[in-house]
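Quick look at work-v3.tsv (TSV, C-alpha atoms and all ligand atoms):
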```tsv
chain	number	residue	atom	x	y	z
A	1	MET	CA	82.07	37.57	138.10
A	2	THR	CA	81.29	38.88	141.59
A	3	ASN	CA	84.28	36.83	142.75
A	4	LEU	CA	86.44	38.40	140.11
A	5	LEU	CA	85.45	41.88	141.28
A	6	GLN	CA	85.99	40.82	144.91
A	7	GLY	CA	83.04	42.92	145.99
A	8	VAL	CA	84.38	46.10	144.41
A	9	SER	CA	81.58	48.42	143.35
A	10	VAL	CA	80.95	49.62	139.80
A	11	PHE	CA	80.31	53.30	139.07
A	12	LEU	CA	78.65	54.08	135.73
A	13	VAL	CA	79.48	57.50	134.28
A	14	GLY	CA	78.50	59.17	131.01
A	15	ILE	CA	76.42	61.93	129.54
A	16	MET	CA	72.63	62.13	130.05
A	17	GLY	CA	70.72	59.40	128.28
A	18	THR	CA	73.55	56.93	127.72
A	19	GLY	CA	71.64	54.42	129.82
A	20	LYS	CA	73.47	54.43	133.16
A	21	THR	CA	70.24	53.92	135.09
A	22	THR	CA	68.84	51.36	132.65
A	23	VAL	CA	72.03	49.30	132.23
A	24	GLY	CA	72.97	49.71	135.92
A	25	GLN	CA	69.86	47.91	137.11
A	26	ILE	CA	70.50	44.93	134.85
A	27	LEU	CA	74.19	44.84	135.73
A	28	ALA	CA	73.44	44.84	139.46
A	29	GLN	CA	71.02	41.98	139.02
A	30	GLN	CA	73.58	39.95	137.06
A	31	LEU	CA	76.40	40.59	139.52
A	32	GLY	CA	74.20	39.98	142.55
A	33	TYR	CA	74.99	43.55	143.63
A	34	ARG	CA	72.75	46.27	145.08
A	35	PHE	CA	71.74	49.09	142.76
A	36	PHE	CA	71.83	52.80	143.57
A	37	ASP	CA	71.20	55.88	141.46
A	38	THR	CA	72.68	59.18	142.68
A	39	ASP	CA	69.90	61.22	140.99
A	40	VAL	CA	67.19	59.22	142.77
A	41	LEU	CA	68.95	59.51	146.13
A	42	ILE	CA	69.45	63.27	145.72
A	43	GLU	CA	65.71	63.69	145.09
A	44	ARG	CA	64.99	61.63	148.18
A	45	VAL	CA	67.43	63.55	150.40
A	46	ALA	CA	66.16	66.93	149.16
A	47	GLY	CA	62.49	65.97	149.06
A	48	GLN	CA	62.35	67.71	145.68
A	49	THR	CA	62.75	66.75	142.05
A	50	ILE	CA	65.98	67.61	140.26
A	51	ASN	CA	64.10	70.27	138.30
A	52	GLU	CA	62.90	71.83	141.57
A	53	ILE	CA	66.38	71.79	143.13
A	54	PHE	CA	67.84	73.53	140.07
A	55	ALA	CA	65.02	76.09	139.93
A	56	ARG	CA	64.80	76.90	143.65
A	57	GLN	CA	68.35	76.46	144.93
A	58	GLY	CA	70.47	76.43	141.81
A	59	GLU	CA	72.83	73.97	140.16
A	60	GLU	CA	75.57	74.55	142.77
A	61	ARG	CA	73.32	73.23	145.54
A	62	PHE	CA	72.51	70.20	143.38
A	63	ARG	CA	76.25	69.55	142.94
A	64	GLU	CA	76.79	69.74	146.71
A	65	LEU	CA	74.07	67.17	147.28
A	66	GLU	CA	75.54	65.01	144.53
A	67	THR	CA	78.95	64.99	146.23
A	68	GLN	CA	77.34	64.22	149.58
A	69	VAL	CA	75.40	61.24	148.19
A	70	LEU	CA	78.41	59.94	146.27
A	71	ALA	CA	80.63	60.18	149.37
A	72	GLU	CA	78.20	57.97	151.28
A	73	LEU	CA	77.85	55.46	148.46
A	74	SER	CA	81.61	55.19	148.00
A	75	ALA	CA	81.84	53.37	151.32
A	76	TYR	CA	79.64	50.55	150.00
A	77	THR	CA	80.90	47.36	148.45
A	78	LYS	CA	78.97	45.04	146.10
A	79	SER	CA	77.03	47.88	144.54
A	80	VAL	CA	76.37	49.22	141.07
A	81	ILE	CA	75.98	53.00	141.16
A	82	ALA	CA	74.43	54.90	138.26
A	83	THR	CA	75.70	58.45	138.57
A	84	GLY	CA	74.36	61.74	137.21
A	85	GLY	CA	75.87	62.91	133.93
A	86	GLY	CA	77.73	65.82	135.54
A	87	ILE	CA	79.34	63.93	138.41
A	88	VAL	CA	82.74	63.95	136.70
A	89	MET	CA	82.92	67.76	136.85
A	90	ARG	CA	84.00	68.08	140.49
A	91	PRO	CA	87.55	66.90	141.19
A	92	ILE	CA	86.58	65.78	144.71
A	93	ASN	CA	84.07	63.34	143.21
A	94	TRP	CA	86.92	61.42	141.56
A	95	SER	CA	88.36	60.53	144.95
A	96	TYR	CA	85.04	58.77	145.65
A	97	LEU	CA	84.61	57.23	142.21
A	98	HIS	CA	88.05	55.64	142.52
A	99	HIS	CA	86.72	53.45	145.32
A	100	GLY	CA	85.31	51.27	142.57
A	101	LEU	CA	85.58	50.34	138.93
A	102	ILE	CA	84.60	53.36	136.82
A	103	VAL	CA	82.80	52.52	133.58
A	104	TRP	CA	82.02	55.14	130.92
A	105	LEU	CA	78.95	54.47	128.78
A	106	ASP	CA	79.71	56.35	125.59
A	107	ALA	CA	76.89	56.96	123.12
A	108	PRO	CA	76.75	59.28	120.10
A	109	VAL	CA	74.85	62.56	120.45
A	110	GLU	CA	72.34	61.60	117.71
A	111	LEU	CA	71.27	58.60	119.78
A	112	LEU	CA	71.00	60.63	122.99
A	113	GLN	CA	69.01	63.30	121.25
A	114	LYS	CA	66.52	60.73	119.98
A	115	ARG	CA	66.16	59.09	123.38
A	116	LEU	CA	65.73	62.36	125.24
A	117	ALA	CA	63.58	64.20	122.67
A	118	GLU	CA	60.51	64.25	124.94
A	119	ASP	CA	62.32	64.44	128.28
A	120	THR	CA	61.27	67.10	130.80
A	121	THR	CA	63.14	65.85	133.87
A	122	ARG	CA	66.68	66.99	133.00
A	123	PRO	CA	67.02	70.76	133.64
A	124	LEU	CA	70.18	71.16	131.56
A	125	LEU	CA	68.29	69.88	128.54
A	126	GLN	CA	65.53	72.48	128.62
A	127	ALA	CA	67.41	74.38	125.92
A	128	ALA	CA	66.04	75.36	122.52
A	129	ASP	CA	68.59	73.18	120.71
A	130	ARG	CA	69.03	69.92	122.60
A	131	ALA	CA	71.54	68.45	120.17
A	132	GLU	CA	73.71	71.54	120.49
A	133	LYS	CA	73.47	71.42	124.30
A	134	LEU	CA	74.36	67.72	124.43
A	135	SER	CA	77.28	68.26	122.05
A	136	SER	CA	78.71	71.13	124.08
A	137	LEU	CA	78.35	69.21	127.36
A	138	LEU	CA	80.06	66.22	125.79
A	139	GLU	CA	82.90	68.36	124.45
A	140	ILE	CA	83.60	69.72	127.94
A	141	ARG	CA	83.19	66.39	129.70
A	142	ARG	CA	84.75	63.91	127.27
A	143	PRO	CA	88.31	64.34	128.65
A	144	LEU	CA	86.91	63.57	132.09
A	145	TYR	CA	84.87	60.53	131.05
A	146	GLN	CA	88.02	59.30	129.33
A	147	GLN	CA	89.59	58.90	132.75
A	148	ALA	CA	87.25	55.98	133.48
A	149	ASP	CA	88.75	52.50	133.84
A	150	LEU	CA	86.63	51.15	131.02
A	151	GLN	CA	84.86	52.69	128.02
A	152	ILE	CA	81.82	50.95	126.55
A	153	ALA	CA	80.88	52.33	123.14
A	154	ILE	CA	77.15	52.13	122.57
A	155	ALA	CA	75.75	51.70	119.09
A	156	GLN	CA	72.26	52.29	117.69
A	157	ASN	CA	69.82	49.46	118.41
A	158	GLN	CA	71.94	47.78	121.08
A	159	THR	CA	69.65	46.60	123.82
A	160	PRO	CA	70.43	47.28	127.51
A	161	GLN	CA	70.98	43.51	127.89
A	162	GLU	CA	73.54	43.48	125.07
A	163	ILE	CA	75.36	46.48	126.54
A	164	THR	CA	75.44	44.83	129.96
A	165	ALA	CA	76.83	41.61	128.45
A	166	LYS	CA	79.55	43.58	126.65
A	167	LEU	CA	80.46	45.37	129.87
A	168	ILE	CA	80.69	42.14	131.87
A	169	GLU	CA	82.83	40.57	129.14
A	170	GLN	CA	85.35	43.44	129.45
A	171	ILE	CA	85.75	43.28	133.23
A	172	PRO	CA	88.52	40.63	133.32
A	173	THR	CA	90.62	42.62	130.85
A	174	VAL	CA	90.29	45.85	132.77
A	175	LEU	CA	91.04	44.13	136.07
A	176	LYS	CA	94.26	42.75	134.63
A	177	SER	CA	95.41	46.29	133.90
A	178	LYS	CA	94.68	47.44	137.46
A	179	ALA	CA	96.33	46.77	140.76
A	180	THR	CA	94.56	44.49	143.22
A	181	PRO	CA	91.11	45.69	144.28
A	182	LEU	CA	92.40	46.39	147.76
A	183	GLU	CA	94.79	48.95	146.35
A	184	TRP	CA	91.91	50.83	144.75
A	185	GLN	CA	90.40	51.79	148.09
B	201	LIG	N1	69.98	50.46	125.15
B	201	LIG	C1	68.89	51.21	125.11
B	201	LIG	N2	68.04	51.11	124.08
B	201	LIG	C2	66.94	51.88	124.00
B	201	LIG	N3	66.59	52.81	124.92
B	201	LIG	C3	67.42	52.97	125.97
B	201	LIG	C4	68.59	52.17	126.14
B	201	LIG	N4	69.21	52.56	127.28
B	201	LIG	C5	68.45	53.54	127.80
B	201	LIG	N5	67.37	53.79	127.04
B	201	LIG	C6	66.32	54.80	127.26
B	201	LIG	O1	66.96	56.09	127.16
B	201	LIG	C7	66.47	56.96	128.17
B	201	LIG	C8	67.65	57.42	129.04
B	201	LIG	O2	68.18	56.28	129.72
B	201	LIG	P1	68.71	56.38	131.22
B	201	LIG	O3	67.75	57.14	132.06
B	201	LIG	O4	69.07	55.00	131.66
B	201	LIG	O5	70.01	57.27	131.01
B	201	LIG	P2	71.01	57.86	132.08
B	201	LIG	O6	72.37	57.68	131.54
B	201	LIG	O7	70.74	57.27	133.42
B	201	LIG	O8	70.66	59.43	132.09
B	201	LIG	P3	70.96	60.53	133.26
B	201	LIG	O9	72.41	60.87	133.23
B	201	LIG	O10	70.16	61.72	132.89
B	201	LIG	O11	70.53	59.94	134.56
B	201	LIG	C9	65.40	56.19	128.93
B	201	LIG	O12	64.16	56.52	128.39
B	201	LIG	C10	65.74	54.73	128.66
B	201	LIG	O13	64.60	53.91	128.70
B	202	LIG	O1	74.47	65.98	132.94
B	202	LIG	C1	74.12	66.54	133.99
B	202	LIG	O2	74.74	67.52	134.47
B	202	LIG	C2	72.94	66.02	134.71
B	202	LIG	C3	72.52	64.73	134.44
B	202	LIG	C4	71.42	64.10	135.17
B	202	LIG	O3	71.74	62.75	135.41
B	202	LIG	C5	71.13	64.79	136.50
B	202	LIG	O4	72.16	64.53	137.42
B	202	LIG	C6	71.00	66.28	136.29
B	202	LIG	O5	69.91	66.51	135.43
B	202	LIG	C7	72.28	66.89	135.72
B	203	MG	MG	70.24	58.10	135.26
```

Translate this structure into structure tokens?
Amino acid sequence: MTNLLQGVSVFLVGIMGTGKTTVGQILAQQLGYRFFDTDVLIERVAGQTINEIFARQGEERFRELETQVLAELSAYTKSVIATGGGIVMRPINWSYLHHGLIVWLDAPVELLQKRLAEDTTRPLLQAADRAEKLSSLLEIRRPLYQQADLQIAIAQNQTPQEITAKLIEQIPTVLKSKATPLEWQ
């Protein structure tokens, strides 16, 4: 599979809680790729949690850091990169995402809501009605996620291993519909 991808990186996109971080780690292991998570790197660069960055410097500063981290990662090959849910919002980020294969993990709001019911680490979810917030974010972002190279629909009770297997199974088909990996760069 690594051969098939010819070292091209995989970027996982999707709304909060779809499992980009969880699936990304397994995928990287199976491809023999390195794993990176933009949210983790942003916290490291800033020396603050995402909640702290949002509270002290605002969302715009977080988005600047996100673009900076993504720009650096886009130069890497043989990597799986779990991105933050809002990375698709800045047009400049797409020029970096297109350095690799972009995979959208698409899960229904009811599932996300269940998974993130107790979460305190995602500032955009500290709203009174989480389901409503997730639905409105998804409505705005869906047309952007749809620009990914591959959509993986996630159903209730699918394990991260099953989702990873489904994703890997789809790679040959999506590669056939693309130009050669060199042309993606
Ligand atoms: N297939 C799955 N089955 C059950 N629980 C899952 C699955 N995938 C992820 N989870 C759980 O859902 C929560 C959110 O997953 P994860 O952090 O991987 O999402 P994410 O897409 O990276 O979110 P974010 O965009 O906020 O970084 C975690 O608690 C994780 O353990
Ligand atoms: O959906 C979003 O905008 C976010 C998702 C998380 O991954 C983090 O990047 C942050 O909490 C913002
Ligand atoms: Mg994540």

- Task: Throw together the list of residues within 10 Å of ligand LIG 202 (chain B), counting all atoms listed in the file, and drop it here as a PyMOL selection string.
- Result: chain A and resi 13-18+20-21+37-40+42+49-51+53-54+59+62-63+66+82-89+120-125+134+137-138+141

- Item | Among the residues A:Phe36, A:Trp94, A:Tyr145, A:Tyr76, the one that comes closest to Asp106 in chain A [using all atoms listed in the file] |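 Closest to Asp106 in chain A of all the choices is A:Tyr145.
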
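Here CA of Gln6 in chain A is placed at a distance of 19.9 Å from CA of Ser95 in chain A.
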
- Select, from A:Arg90, A:Ser9, A:Leu105, A:Gly58, the residue with the minimum atom-to-atom distance to ligand MG 203 (chain B), counting all atoms listed in the file.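 Smallest distance to ligand MG 203 (chain B) is found for A:Leu105.
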
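Counting only C-alpha atoms and all ligand atoms, the residue from A:Ser79, A:Gln30, A:Thr22, A:Asn3 that sits nearest to ligand LIG 201 (chain B) is A:Thr22.
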
- Message: Calculated over all atoms listed in the file, which of the candidates A:Ala131, A:Ile168, A:Ala155, A:Ile81 has the smallest distance to ligand MG 203 (chain B)?
- Response: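 Of all the options, A:Ile81 lies closest to ligand MG 203 (chain B).
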
- Closest to ligand MG 203 (chain B) among A:Leu116, A:Ala165, A:Leu4, A:Gly47, using only C-alpha atoms and all ligand atoms? A:Leu116

- Task: Work out how far CA of Trp104 in chain A is from CA of Gln151 in chain A, in Å to one decimal.
- Result: 4.7 Å

- Task: Just give me the residues with any atom within 8 Å of (74.8, 66.5, 118.9), file coordinates, counting all atoms listed in the file, written as JSON, numbers by chain.
- Result: {"A": [108, 109, 110, 113, 130, 131, 132, 133, 134, 135, 136]}

- Which residue out of A:Ala117, A:Ala28, A:Val69, A:Leu97 has the minimum interatomic distance to ligand LIG 201 (chain B) when only C-alpha atoms and all ligand atoms are used?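 For ligand LIG 201 (chain B), the nearest of the given residues is A:Ala117.
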
- Pick out the residues sitting within 8 Å of Asp149 in chain A, and hand them over as a ChimeraX atom specification; count all atoms listed in the file, and ignore anything fewer than 2 positions along from it in its own chain. /A:101-104,147,151,174

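Taking CA of Ile140 in chain A as the reference point, atom O9 of ligand LIG 201 (chain B) is found at 15.2 Å.
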
- Item | Who sits within 10 Å of Val80 in chain A, only C-alpha atoms, same chain under 6 positions skipped, as a list of chain:residue names | A:Val8, A:Ser9, A:Val10, A:Phe11, A:Leu12, A:Lys20, A:Thr21, A:Val23, A:Gly24, A:Gln25, A:Ile26, A:Leu27, A:Ala28, A:Gln29, A:Leu31, A:Gly32, A:Tyr33, A:Arg34, A:Phe35, A:Phe36, A:Asp37, A:Leu73, A:Gly100, A:Leu101
